[in-house]
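S.K.: Got a structure for you, protein_32.txt, holding compact mmCIF, C-alpha atoms.
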# COMPACT_ATOMS: atom_id res chain seq x y z
CA MET A 73 -21.78 13.20 -3.11
CA LYS A 74 -21.91 14.96 -6.47
CA PRO A 75 -19.70 17.81 -7.65
CA ALA A 76 -20.93 21.39 -7.44
CA PRO A 77 -21.65 22.83 -10.92
CA PHE A 78 -18.74 23.89 -13.11
CA ALA A 79 -18.06 24.67 -16.75
CA TYR A 80 -15.87 22.43 -18.87
CA ALA A 81 -13.58 23.20 -21.76
CA LYS A 82 -11.29 21.01 -23.81
CA ALA A 83 -7.83 22.33 -24.57
CA TYR A 84 -6.29 21.29 -27.88
CA SER A 85 -2.79 22.60 -27.23
CA VAL A 86 -0.66 23.64 -24.25
CA ALA A 87 -1.08 27.29 -25.30
CA ASP A 88 -4.83 26.75 -25.41
CA ALA A 89 -4.77 25.31 -21.86
CA ILE A 90 -2.73 28.26 -20.54
CA HIS A 91 -5.20 30.63 -22.19
CA LEU A 92 -8.22 28.85 -20.67
CA LEU A 93 -6.59 28.80 -17.22
CA ALA A 94 -6.85 32.60 -17.16
CA GLU A 95 -10.40 32.15 -15.90
CA GLU A 96 -10.75 32.50 -12.15
CA GLU A 97 -10.98 29.25 -10.18
CA ALA A 98 -10.03 27.10 -13.14
CA ARG A 99 -8.46 23.66 -12.63
CA LEU A 100 -6.53 21.48 -15.02
CA LEU A 101 -8.06 18.05 -15.61
CA ALA A 102 -5.64 15.30 -16.64
CA GLY A 103 -6.37 11.73 -15.46
CA GLY A 104 -8.78 13.09 -12.86
CA GLN A 105 -8.14 10.27 -10.40
CA SER A 106 -7.55 12.70 -7.53
CA LEU A 107 -9.29 15.81 -8.86
CA ILE A 108 -12.68 14.24 -9.57
CA ALA A 109 -12.68 12.53 -6.17
CA THR A 110 -12.11 15.92 -4.50
CA LEU A 111 -14.89 17.43 -6.64
CA ASN A 112 -17.27 14.60 -5.73
CA MET A 113 -16.58 15.27 -2.06
CA ARG A 114 -16.89 19.03 -2.66
CA LEU A 115 -13.49 19.63 -1.15
CA ASP A 116 -12.96 21.87 -4.17
CA ARG A 117 -15.49 23.89 -6.17
CA PRO A 118 -13.80 25.19 -9.31
CA ARG A 119 -15.71 27.28 -11.83
CA LEU A 120 -14.03 25.72 -14.85
CA LEU A 121 -12.28 22.46 -15.64
CA VAL A 122 -9.73 22.64 -18.44
CA ASP A 123 -9.39 19.14 -19.87
CA ILE A 124 -5.93 18.55 -21.37
CA ASN A 125 -6.51 14.92 -22.40
CA ALA A 126 -6.84 15.94 -26.06
CA VAL A 127 -3.59 17.94 -26.13
CA PRO A 128 -1.27 16.10 -28.55
CA GLY A 129 2.38 15.38 -27.77
CA LEU A 130 2.13 14.98 -24.00
CA ASP A 131 1.78 11.20 -23.89
CA SER A 132 5.11 9.91 -25.16
CA ILE A 133 8.10 8.34 -23.46
CA ALA A 134 11.41 9.15 -25.16
CA LEU A 135 15.16 9.03 -24.57
CA LYS A 136 16.65 12.51 -25.02
CA ASN A 137 20.10 13.86 -24.12
CA GLY A 138 20.82 11.39 -21.36
CA HIS A 139 17.33 11.58 -19.93
CA VAL A 140 14.14 9.59 -20.04
CA GLU A 141 11.50 12.14 -20.89
CA ILE A 142 8.03 11.14 -19.75
CA GLY A 143 5.15 13.23 -21.08
CA ALA A 144 2.85 14.52 -18.36
CA LEU A 145 -0.16 12.71 -19.85
CA VAL A 146 1.52 9.28 -19.86
CA ARG A 147 -0.81 7.04 -17.89
CA TYR A 148 0.49 4.74 -15.15
CA ALA A 149 -0.52 1.64 -17.10
CA GLN A 150 1.38 2.89 -20.15
CA ALA A 151 4.47 3.62 -18.03
CA GLN A 152 4.16 0.19 -16.42
CA ARG A 153 4.37 -1.46 -19.87
CA SER A 154 7.19 0.79 -21.11
CA ARG A 155 10.52 -0.90 -21.84
CA GLU A 156 12.28 2.46 -21.77
CA ILE A 157 11.10 3.10 -18.23
CA ALA A 158 11.89 -0.46 -17.07
CA ARG A 159 15.39 -0.21 -18.46
CA HIS A 160 16.35 3.42 -18.00
CA ALA A 161 14.20 4.66 -15.10
CA PRO A 162 13.95 1.53 -12.90
CA LEU A 163 12.85 3.40 -9.78
CA ILE A 164 9.68 4.54 -11.57
CA ALA A 165 9.11 0.96 -12.73
CA LEU A 166 9.39 -0.26 -9.13
CA ALA A 167 7.02 2.41 -7.82
CA ILE A 168 4.16 2.24 -10.30
CA PRO A 169 2.68 -1.13 -9.28
CA HIS A 170 2.11 0.41 -5.83
CA ILE A 171 0.02 3.26 -7.23
CA GLY A 172 -3.72 2.75 -6.93
CA HIS A 173 -5.47 -0.14 -8.62
CA PRO A 174 -5.69 -1.31 -12.26
CA ALA A 175 -8.67 0.92 -13.08
CA ILE A 176 -6.88 3.90 -11.53
CA ARG A 177 -3.63 3.12 -13.38
CA ASN A 178 -5.49 2.91 -16.69
CA ARG A 179 -6.56 6.52 -16.29
CA GLY A 180 -4.24 8.34 -13.87
CA THR A 181 -1.27 10.23 -15.28
CA ILE A 182 2.35 10.63 -14.24
CA GLY A 183 2.08 14.41 -14.52
CA GLY A 184 -1.14 14.50 -12.54
CA SER A 185 0.38 12.71 -9.56
CA ILE A 186 3.36 15.07 -9.51
CA ALA A 187 1.32 18.25 -10.03
CA PHE A 188 -1.25 17.25 -7.40
CA ALA A 189 1.58 16.52 -4.93
CA ASP A 190 -0.25 14.40 -2.42
CA PRO A 191 2.20 14.01 0.48
CA ALA A 192 1.56 10.26 0.62
CA ALA A 193 1.91 9.67 -3.14
CA GLU A 194 4.73 7.64 -4.66
CA LEU A 195 5.89 9.64 -7.68
CA PRO A 196 6.69 12.94 -5.97
CA ALA A 197 9.18 11.10 -3.74
CA CYS A 198 10.61 9.29 -6.77
CA VAL A 199 11.28 12.46 -8.74
CA VAL A 200 13.03 14.03 -5.74
CA ALA A 201 15.13 10.88 -5.25
CA LEU A 202 16.03 10.83 -8.95
CA ASP A 203 16.79 14.56 -9.09
CA ALA A 204 14.39 14.74 -12.04
CA GLU A 205 13.46 17.93 -13.84
CA MET A 206 9.88 19.07 -14.29
CA GLU A 207 9.23 20.89 -17.53
CA ILE A 208 6.63 23.60 -17.10
CA ALA A 209 4.87 25.78 -19.66
CA GLY A 210 3.31 29.02 -18.49
CA PRO A 211 2.15 32.40 -19.77
CA GLU A 212 5.80 33.62 -19.82
CA GLY A 213 7.20 30.60 -21.62
CA ARG A 214 8.87 27.36 -20.60
CA ARG A 215 11.09 26.61 -17.64
CA THR A 216 12.39 23.59 -15.75
CA VAL A 217 12.32 23.03 -12.01
CA ARG A 218 14.24 20.32 -10.18
CA GLY A 219 12.49 17.83 -7.94
CA GLU A 220 13.66 19.25 -4.64
CA ASP A 221 12.53 22.76 -5.57
CA PHE A 222 9.23 21.63 -7.04
CA PHE A 223 7.45 20.41 -3.89
CA GLN A 224 7.09 23.35 -1.54
CA ALA A 225 4.40 22.66 1.06
CA LEU A 226 1.25 20.61 1.56
CA PHE A 227 -0.26 20.28 -1.95
CA GLU A 228 1.85 23.28 -2.98
CA THR A 229 4.30 23.10 -5.85
CA ALA A 230 6.30 25.43 -8.07
CA LEU A 231 3.32 25.47 -10.45
CA ALA A 232 1.54 28.83 -10.68
CA PRO A 233 -2.22 28.89 -11.38
CA ARG A 234 -1.73 29.15 -15.16
CA ASP A 235 1.21 26.74 -15.46
CA VAL A 236 1.00 23.37 -17.17
CA LEU A 237 3.40 20.58 -16.25
CA THR A 238 4.32 19.11 -19.64
CA ALA A 239 7.03 16.51 -18.97
CA ILE A 240 9.32 14.94 -16.41
CA ARG A 241 12.97 14.34 -17.30
CA ILE A 242 14.82 11.63 -15.40
CA PRO A 243 18.57 11.03 -15.78
CA ILE A 244 19.10 7.66 -17.47
CA ALA A 245 20.21 4.98 -14.98
CA ASP A 246 23.67 3.69 -15.91
CA GLU A 247 25.27 0.40 -14.85
CA THR A 248 26.34 1.84 -11.48
CA ALA A 249 22.80 2.99 -10.63
CA ARG A 250 21.03 1.38 -7.69
CA VAL A 251 17.41 1.94 -6.75
CA GLY A 252 15.07 0.83 -4.00
CA PHE A 253 11.42 1.32 -3.24
CA ALA A 254 9.10 0.12 -0.49
CA GLU A 255 5.92 1.29 1.16
CA LEU A 256 3.50 0.10 3.78
CA THR A 257 -0.25 0.32 3.20
CA ARG A 258 -3.36 -1.14 4.81
CA ARG A 259 -4.49 -2.49 1.43
CA HIS A 260 -2.48 -2.90 -1.77
CA GLY A 261 -2.84 0.26 -3.84
CA ASP A 262 -3.85 2.59 -1.04
CA TYR A 263 -1.86 5.69 -0.21
CA ALA A 264 1.15 4.82 1.90
CA ILE A 265 1.24 4.98 5.68
CA VAL A 266 4.98 5.43 5.10
CA GLY A 267 6.98 4.95 1.92
CA LEU A 268 10.57 5.26 0.78
CA ALA A 269 12.04 5.89 -2.67
CA ALA A 270 15.81 5.67 -2.94
CA CYS A 271 18.62 5.74 -5.39
CA ALA A 272 22.39 5.56 -5.22
CA ARG A 273 25.48 4.79 -7.23
CA ALA A 274 27.62 1.71 -6.68
CA ASP A 275 31.21 2.69 -5.90
CA GLY A 276 33.14 -0.54 -5.54
CA LYS A 277 31.52 -2.31 -2.61
CA ARG A 278 30.09 0.91 -1.25
CA LEU A 279 27.22 3.15 -2.13
CA ALA A 280 27.72 6.77 -3.11
CA ASP A 281 25.34 9.63 -3.90
CA ILE A 282 22.61 8.03 -1.81
CA ARG A 283 19.27 9.80 -1.85
CA LEU A 284 16.60 8.53 0.54
CA VAL A 285 13.25 10.23 0.10
CA TYR A 286 10.32 9.40 2.37
CA PHE A 287 6.64 10.02 1.69
CA GLY A 288 3.64 9.93 4.00
CA VAL A 289 5.70 11.45 6.81
CA GLY A 290 5.41 15.18 6.10
CA ALA A 291 3.74 17.85 4.01
CA ALA A 292 5.98 17.05 1.04
CA PRO A 293 8.60 14.40 0.19
CA VAL A 294 11.30 14.39 2.89
CA ARG A 295 14.98 13.68 2.22
CA ALA A 296 16.65 11.77 5.03
CA ARG A 297 20.10 13.36 4.84
CA HIS A 298 21.48 12.08 8.16
CA ALA A 299 20.48 8.55 7.24
CA GLU A 300 22.03 9.00 3.80
CA THR A 301 25.37 9.89 5.41
CA ALA A 302 25.27 6.89 7.75
CA LEU A 303 24.30 4.54 4.96
CA SER A 304 27.11 5.72 2.71
CA GLY A 305 29.45 4.46 5.46
CA GLY A 306 27.71 1.09 5.18
CA ASP A 307 26.02 1.43 8.58
CA VAL A 308 22.39 0.36 8.09
CA GLU A 309 21.47 0.40 11.81
CA GLY A 310 23.20 3.75 12.21
CA ALA A 311 21.12 5.02 9.31
CA VAL A 312 17.94 3.75 10.96
CA ALA A 313 18.91 5.53 14.18
CA ALA A 314 19.72 8.72 12.24
CA LEU A 315 16.14 8.84 10.91
CA GLY A 316 15.26 10.39 14.28
CA TYR A 317 17.00 13.57 13.10
CA ASP A 318 15.49 13.47 9.62
CA LEU A 319 11.83 12.59 10.09
CA HIS A 320 9.26 14.30 12.28
CA PRO A 321 6.01 12.72 11.17
CA ASP A 322 2.63 13.84 12.45
CA GLN A 323 0.05 11.24 13.24
CA ASP A 324 -2.77 10.76 10.75
CA LEU A 325 -5.79 8.49 10.32
CA HIS A 326 -3.58 5.49 9.69
CA ALA A 327 -0.84 5.64 12.27
CA THR A 328 0.59 7.47 15.25
CA ALA A 329 3.79 9.46 14.83
CA ALA A 330 5.69 6.80 16.80
CA LEU A 331 4.43 4.01 14.55
CA LYS A 332 5.33 5.97 11.42
CA SER A 333 8.85 6.57 12.76
CA TYR A 334 9.26 2.90 13.57
CA LEU A 335 7.97 1.81 10.14
CA ALA A 336 10.35 4.26 8.44
CA GLY A 337 13.21 2.25 9.95
CA VAL A 338 11.68 -1.04 8.78
CA LEU A 339 11.50 0.35 5.25
CA LEU A 340 15.07 1.61 5.39
CA ARG A 341 16.36 -1.87 6.22
CA ARG A 342 14.41 -3.32 3.27
CA VAL A 343 15.44 -0.63 0.84
CA SER A 344 19.10 -0.83 1.91
CA LYS A 345 19.12 -4.44 0.75
CA GLN A 346 17.64 -3.41 -2.60
CA LEU A 347 20.27 -0.70 -2.98
CA MET A 348 23.05 -3.24 -2.46
CA THR A 349 21.66 -5.37 -5.31
CA PRO A 350 22.69 -4.69 -8.91
CA LEU A 351 19.82 -3.61 -11.12
CA ALA A 352 19.84 -6.37 -13.71
CA ALA A 353 17.89 -8.73 -11.47
CA GLU A 354 15.23 -6.14 -10.79
CA ARG A 355 14.70 -5.29 -14.42
CA CYS A 356 13.04 -8.62 -15.15
CA PRO A 357 9.66 -8.39 -13.43
CA MET B 128 -15.76 26.34 -25.72
CA SER B 129 -16.29 26.54 -21.99
CA ALA B 130 -19.84 25.83 -20.96
CA ARG B 131 -21.75 23.88 -18.39
CA PHE B 132 -23.82 21.77 -20.78
CA HIS B 133 -22.32 19.84 -23.67
CA ASP B 134 -23.65 17.62 -26.45
CA ILE B 135 -21.70 14.39 -26.61
CA ALA B 136 -21.71 11.51 -29.09
CA LEU B 137 -20.30 8.20 -27.98
CA ASP B 138 -20.64 4.47 -28.44
CA VAL B 139 -22.18 2.65 -25.49
CA ASN B 140 -22.24 -1.15 -25.70
CA GLY B 141 -22.01 -0.92 -29.48
CA GLU B 142 -24.85 1.59 -29.87
CA PRO B 143 -24.34 5.17 -30.98
CA ILE B 144 -25.59 7.57 -28.33
CA ARG B 145 -26.13 11.32 -28.51
CA GLU B 146 -26.95 13.10 -25.29
CA ARG B 147 -26.72 16.49 -23.66
CA VAL B 148 -24.86 16.31 -20.35
CA ASP B 149 -24.09 18.57 -17.43
CA ALA B 150 -20.30 18.84 -17.17
CA ARG B 151 -20.41 17.74 -13.54
CA MET B 152 -22.15 14.44 -14.30
CA THR B 153 -19.88 11.46 -13.73
CA LEU B 154 -19.79 8.63 -16.25
CA VAL B 155 -21.44 6.19 -13.86
CA ASP B 156 -24.32 8.57 -13.12
CA PHE B 157 -24.68 9.15 -16.88
CA VAL B 158 -25.03 5.48 -17.79
CA ARG B 159 -27.36 4.82 -14.86
CA GLU B 160 -29.57 7.89 -15.01
CA GLN B 161 -29.57 9.01 -18.64
CA LEU B 162 -29.18 5.59 -20.28
CA SER B 163 -30.93 3.47 -17.60
CA LEU B 164 -28.00 1.04 -17.50
CA THR B 165 -28.09 0.32 -13.80
CA GLY B 166 -25.65 -2.61 -13.71
CA SER B 167 -22.82 -0.22 -12.87
CA HIS B 168 -23.22 0.70 -9.23
CA VAL B 169 -22.49 3.83 -7.26
CA GLY B 170 -20.63 3.07 -4.06
CA CYS B 171 -18.10 5.40 -2.51
CA GLU B 172 -17.99 8.02 -5.29
CA HIS B 173 -14.32 8.70 -4.70
CA GLY B 174 -12.54 5.87 -6.44
CA VAL B 175 -12.04 3.50 -3.54
CA CYS B 176 -14.65 0.75 -3.90
CA GLY B 177 -14.74 -0.22 -7.60
CA ALA B 178 -18.51 -0.78 -7.78
CA CYS B 179 -18.76 1.74 -10.65
CA THR B 180 -16.21 0.00 -12.89
CA VAL B 181 -16.86 0.37 -16.64
CA ARG B 182 -14.68 0.02 -19.70
CA VAL B 183 -13.67 3.10 -21.67
CA ASN B 184 -11.90 2.49 -24.97
CA GLY B 185 -11.29 -1.10 -23.93
CA VAL B 186 -9.80 -0.62 -20.46
CA VAL B 187 -11.47 -0.63 -17.05
CA VAL B 188 -11.87 2.73 -15.34
CA ARG B 189 -13.66 4.12 -12.31
CA GLY B 190 -17.02 5.39 -13.54
CA CYS B 191 -17.08 7.86 -10.65
CA LEU B 192 -13.69 9.38 -11.52
CA MET B 193 -14.44 10.21 -15.12
CA LEU B 194 -16.95 12.75 -16.37
CA ALA B 195 -19.52 11.86 -19.01
CA VAL B 196 -18.49 14.93 -20.99
CA GLN B 197 -14.98 13.48 -21.29
CA CYS B 198 -16.35 10.44 -23.12
CA ASP B 199 -17.32 12.35 -26.25
CA GLY B 200 -16.10 10.25 -29.19
CA MET B 201 -15.19 7.29 -26.99
CA ARG B 202 -16.41 3.74 -26.68
CA VAL B 203 -17.94 2.81 -23.33
CA ASP B 204 -18.81 -0.77 -22.36
CA THR B 205 -20.84 -1.44 -19.27
CA ILE B 206 -21.55 -4.79 -17.62
CA GLU B 207 -24.78 -5.00 -19.64
CA GLY B 208 -22.91 -4.88 -22.97
CA VAL B 209 -20.06 -7.12 -21.91
CA ALA B 210 -22.45 -9.72 -20.50
CA ALA B 211 -24.68 -9.60 -23.62
CA SER B 212 -21.64 -10.16 -25.84
CA ARG B 213 -21.16 -13.55 -24.07
CA GLU B 214 -17.54 -12.62 -23.44
CA ILE B 215 -17.76 -13.38 -19.71
CA ASP B 216 -20.28 -16.24 -19.67
CA ASP B 217 -17.72 -18.55 -18.05
CA LEU B 218 -16.76 -15.99 -15.39
CA GLN B 219 -20.40 -15.33 -14.54
CA GLN B 220 -21.09 -19.06 -14.31
CA ALA B 221 -18.05 -19.61 -12.08
CA PHE B 222 -19.18 -16.80 -9.76
CA ILE B 223 -22.59 -18.45 -9.45
CA GLU B 224 -21.22 -21.95 -8.91
CA ARG B 225 -18.78 -20.86 -6.21
CA ASN B 226 -21.03 -18.39 -4.41
CA ALA B 227 -18.63 -15.62 -5.33
CA LEU B 228 -21.41 -13.12 -4.75
CA GLN B 229 -24.08 -12.55 -2.17
CA CYS B 230 -25.63 -9.13 -2.53
CA GLY B 231 -24.13 -8.63 -5.99
CA TYR B 232 -23.29 -4.96 -5.55
CA CYS B 233 -19.60 -5.42 -6.33
CA THR B 234 -20.07 -8.17 -8.92
CA PRO B 235 -20.18 -6.13 -12.17
CA GLY B 236 -16.93 -4.42 -11.18
CA MET B 237 -15.37 -7.70 -10.10
CA LEU B 238 -16.29 -9.35 -13.41
CA LEU B 239 -14.96 -6.53 -15.60
CA THR B 240 -11.73 -6.25 -13.61
CA ALA B 241 -11.19 -10.02 -13.55
CA GLN B 242 -11.81 -10.21 -17.28
CA GLU B 243 -9.13 -7.55 -17.89
CA LEU B 244 -6.67 -9.47 -15.70
CA LEU B 245 -7.30 -12.70 -17.62
CA ALA B 246 -6.75 -10.89 -20.91
CA LEU B 247 -3.35 -9.66 -19.68
CA ASP B 248 -2.25 -12.76 -17.78
CA SER B 249 -3.81 -16.07 -18.82
CA MET B 250 -2.55 -17.96 -15.74
CA PRO B 251 -2.35 -15.55 -12.82
CA SER B 252 -1.35 -16.76 -9.36
CA ARG B 253 -3.83 -16.34 -6.51
CA GLU B 254 -1.63 -13.52 -5.23
CA THR B 255 -1.83 -11.79 -8.62
CA ILE B 256 -5.61 -12.20 -8.69
CA ARG B 257 -5.89 -10.68 -5.21
CA THR B 258 -3.64 -7.79 -6.15
CA TYR B 259 -5.50 -7.09 -9.39
CA LEU B 260 -8.86 -7.13 -7.62
CA SER B 261 -7.54 -5.10 -4.67
CA GLY B 262 -9.39 -2.02 -5.92
CA ASN B 263 -12.77 -3.75 -5.84
CA TYR B 264 -14.39 -4.04 -2.44
CA CYS B 265 -16.68 -6.94 -1.58
CA ARG B 266 -18.35 -6.71 1.82
CA CYS B 267 -20.09 -10.11 1.69
CA THR B 268 -17.86 -12.94 0.55
CA GLY B 269 -14.47 -12.38 2.12
CA TYR B 270 -12.98 -12.67 -1.39
CA GLN B 271 -11.98 -16.34 -1.10
CA ALA B 272 -14.74 -17.54 -3.42
CA ILE B 273 -14.08 -14.71 -5.87
CA VAL B 274 -10.41 -15.66 -6.13
CA ASP B 275 -11.46 -19.31 -6.50
CA ALA B 276 -13.82 -18.42 -9.35
CA VAL B 277 -11.29 -16.34 -11.25
CA GLU B 278 -8.62 -18.99 -10.80
CA ALA B 279 -10.99 -21.72 -12.01
CA VAL B 280 -11.84 -19.71 -15.13
CA ALA B 281 -8.16 -19.09 -15.88
CA GLN B 282 -7.52 -22.83 -15.67
CA ALA B 283 -10.57 -23.71 -17.76
CA ARG B 284 -9.66 -21.19 -20.46
CA ALA B 285 -6.06 -22.48 -20.53
CA ARG B 286 -7.35 -26.05 -20.91
CA ALA B 287 -9.70 -25.02 -23.71
CA LYS B 288 -6.87 -23.22 -25.48
CA ARG B 289 -4.57 -26.25 -25.18
CA ASP B 290 -7.29 -28.53 -26.57
CA GLU B 291 -7.86 -26.12 -29.43
CA GLU B 292 -4.17 -26.06 -30.27
CA ARG B 293 -3.99 -29.84 -30.18
CA GLU B 294 -6.74 -30.19 -32.78
Could you quickly redo this structure as structure tokens?
M.R.:
Amino acid sequence: MKPAPFAYAKAYSVADAIHLLAEEEARLLAGGQSLIATLNMRLDRPRLLVDINAVPGLDSIALKNGHVEIGALVRYAQAQRSREIARHAPLIALAIPHIGHPAIRNRGTIGGSIAFADPAAELPACVVALDAEMEIAGPEGRRTVRGEDFFQALFETALAPRDVLTAIRIPIADETARVGFAELTRRHGDYAIVGLAACARADGKRLADIRLVYFGVGAAPVRARHAETALSGGDVEGAVAALGYDLHPDQDLHATAALKSYLAGVLLRRVSKQLMTPLAAERCP
Amino acid sequence: MSARFHDIALDVNGEPIRERVDARMTLVDFVREQLSLTGSHVGCEHGVCGACTVRVNGVVVRGCLMLAVQCDGMRVDTIEGVAASREIDDLQQAFIERNALQCGYCTPGMLLTAQELLALDSMPSRETIRTYLSGNYCRCTGYQAIVDAVEAVAQARARAKRDEERE
């Protein structure tokens, strides 16, 4: 299908974008890899698209005050090539190859994935696992929102209609950091049937500060707190059993609820092994 | 300026183009309908099948997930331009020799995506080839012949490069 008619405007600054978003039924256009598909299918009929691709300063990756700051317009392909991300935000580096296909990664943006908040997408789960901060600019100024507070319901985030997500700040992974990522899809690059993003800190032979965040099993990324507790005691099978308290997936086109629950356990076993492995080996793709 | 119709100036296959476009027109519809470049195909129109693959500023993108109006000031290369430049002669020949196409609907997208892979990785494994082409659907061949063709071209190009360096 073809999109219903809309007007189009290019923003040349964040302030410009916020100003343009004052129009009723306006949508922000970044990489467009989800938005234009929904327009083509007429699932959405905005009156105005505000294109932020020409806004300068949103496409850099920098180390700042103990964080990796990723501009919202950084494209997946750019992030995939980034040494800063490979070294200092290894969970993002593990996740990106699973996102879409080469042509999608050449165009899609980190900020777009997070702002769109598809419940089966990889990056929302990653930023919750990493306790990242989203930097948001709006009509009343700038603010930051942490990952767990950002995703609120199905496709609903802390972003108000005139807000622009400008950057994501991820705490730099130190030598005790451990990360894990796995997902199951019908075809490489598709949205996950179930996925798991995880991070932890090595504490001697144990893992501390474990954060297990599932995607594709709820309206938003889901933290598996019971499983986290079991896993911090070193009990992988106990953690798998505890998922029954944490996850209550609904069935969708891809899988029944029972299958999703079972696969969540499969992923936890895989990711537990990754978490036990020091990072150095994973940093050399 | 927010408006429905926009004048855009871009480079398509090395030629300067000026056109007026409706904001809702996708890039693939633009090259097919306003420029009569029908080598890029319209399949699923939501980014799944890869038939609409074109290059924008040197990288492959989904022609159905980008708007023509966004390409103002950009360089767009379609299969017509890339084929005419002789850049993919060997890939095209390998596809023919190995029956890596039947109906040909997916072929322009396959060729452009495979060419990008070979530019990034001169000796990809079969697994890497499959992964890189995972966003391009082929409903005829079962992919085996396509992977064979891409692999054969990678090997041939590597041999040619070695011979060149030896001389």
S.K.: Set the distance at 9 Å and use all atoms listed in the file: which residues neighbour region 178-183 of chain B once local chain neighbours fewer than 3 positions away are removed? I'd like the list as a ChimeraX atom specification.
M.R.: /A:175 /B:154-155,166-172,174-175,186-191,198,201-206,232-237,239-240,263-265
S.K.: With 12 Å as the threshold, what does the neighbourhood of (-17.8, 18.3, -11.1) contain in terms of residues, counting all atoms listed in the file? Coordinates are those of the file; answer as a VMD selection string.
M.R.: (chain A and resid 73 to 80 98 to 99 101 104 107 to 122) or (chain B and resid 131 to 132 148 to 154 156 172 191 to 197)
S.K.: Take CA of Ala227 (chain B) and CA of His170 (chain A) and report the distance between them in Å, one decimal.
M.R.: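 Between these atoms lies a distance of 26.2 Å.
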S.K.: Any idea what the distance is between CA of Ile182 (chain A) and CA of Arg241 (chain A)?
M.R.: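 The value is 11.7 Å.
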S.K.: How far is it from CA of His160 (chain A) to CA of Leu351 (chain A), in Å with one decimal?
M.R.: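 Pair CA of His160 (chain A) / CA of Leu351 (chain A) returns 10.4 Å.
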S.K.: Taking all atoms listed in the file into account, which of B:Ala276, B:Ile256, B:Cys267, B:Ile144 comes nearest chain A?
M.R.: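 The shortest atom-to-atom distance to chain A comes from B:Ile256.
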S.K.: Near Ala245 (chain A), within 9 Å and counting all atoms listed in the file, which residues show up once chain neighbours fewer than 4 positions away are dropped, as an mmCIF file with C-alpha atoms, in the coordinates of the input?
M.R.:
data_model
loop_
_atom_site.group_PDB
_atom_site.id
_atom_site.type_symbol
_atom_site.label_atom_id
_atom_site.label_comp_id
_atom_site.auth_asym_id
_atom_site.auth_seq_id
_atom_site.Cartn_x
_atom_site.Cartn_y
_atom_site.Cartn_z
ATOM 1 C CA HIS A 139 17.330 11.580 -19.930
ATOM 2 C CA ARG A 159 15.390 -0.210 -18.460
ATOM 3 C CA HIS A 160 16.350 3.420 -18.000
ATOM 4 C CA ALA A 161 14.200 4.660 -15.100
ATOM 5 C CA PRO A 162 13.950 1.530 -12.900
ATOM 6 C CA ALA A 249 22.800 2.990 -10.630
ATOM 7 C CA ARG A 250 21.030 1.380 -7.690
#
S.K.: Under the rule that all atoms listed in the file are counted, which of B:Gly269, B:Gly177, B:Gly200, B:Pro143 is the nearest residue to chain A?
M.R.: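 The closest residue to chain A is B:Gly177.
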S.K.: For chain A, which residue among B:Asp216, B:Gln242, B:Gln229, B:Leu162 is the nearest when counting all atoms listed in the file?
M.R.: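 Checking each candidate against chain A, we get B:Gln242 as the closest.
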S.K.: Using only C-alpha atoms, list the residues that have an atom at most 6 Å from (-7.9, 21.0, -21.3), coordinates as in the file, as a list of chain:residue names.
M.R.: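 Those residues, ordered by chain and then number, are A:Lys82, A:Ala83, A:Ala89, A:Val122, A:Asp123, A:Ile124.
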S.K.: Next, the residues of the selection above should be written as a compact mmCIF listing (two decimals), in the coordinates of the input with C-alpha atoms.
M.R.:
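Done, and the output landed in out_35.txt:
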# COMPACT_ATOMS: atom_id res chain seq x y z
CA LYS A 82 -11.29 21.01 -23.81
CA ALA A 83 -7.83 22.33 -24.57
CA ALA A 89 -4.77 25.31 -21.86
CA VAL A 122 -9.73 22.64 -18.44
CA ASP A 123 -9.39 19.14 -19.87
CA ILE A 124 -5.93 18.55 -21.37
S.K.: Could you tell me which of A:Ala189, A:Leu331, A:Leu195, A:Ala126 comes closest to Gly172 (chain A) if we count only C-alpha atoms?
M.R.: A:Leu195
S.K.: I want to know what sits within 8 Å of region 226-229 of chain A, based on only C-alpha atoms, with residues of the same chain fewer than 5 positions away left out; could you give that as a PyMOL selection string?
M.R.: chain A and resi 187-191+291-292
S.K.: Of the candidates A:Ala225, A:Ala151, A:Ala87, A:Leu347, which shows the shortest atom-to-atom distance to Ile282 (chain A), using only C-alpha atoms?
M.R.: A:Leu347
S.K.: Would you pick out the contacts of Gly208 (chain B) at 8 Å or less, using all atoms listed in the file, so that residues sharing its chain but fewer than 4 positions from it are not included, and give the list as a ChimeraX atom specification?
M.R.: /B:139-141,204,212
S.K.: Which is closest to Ile135 (chain B) among B:Glu243, B:Phe157, B:Asp248, B:Glu291, if we use only C-alpha atoms?
M.R.: B:Phe157
S.K.: Report as a CSV table (one decimal) with C-alpha atoms, keeping the file's coordinate frame all protein, DNA and RNA residues lying within 7 Å of Leu218 (chain B), evaluated on only C-alpha atoms, omitting residues in the same chain fewer than 4 positions from it.
M.R.:
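The resulting part.csv:
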chain,number,residue,atom,x,y,z
B,222,PHE,CA,-19.2,-16.8,-9.8
B,238,LEU,CA,-16.3,-9.4,-13.4
B,277,VAL,CA,-11.3,-16.3,-11.2
B,280,VAL,CA,-11.8,-19.7,-15.1
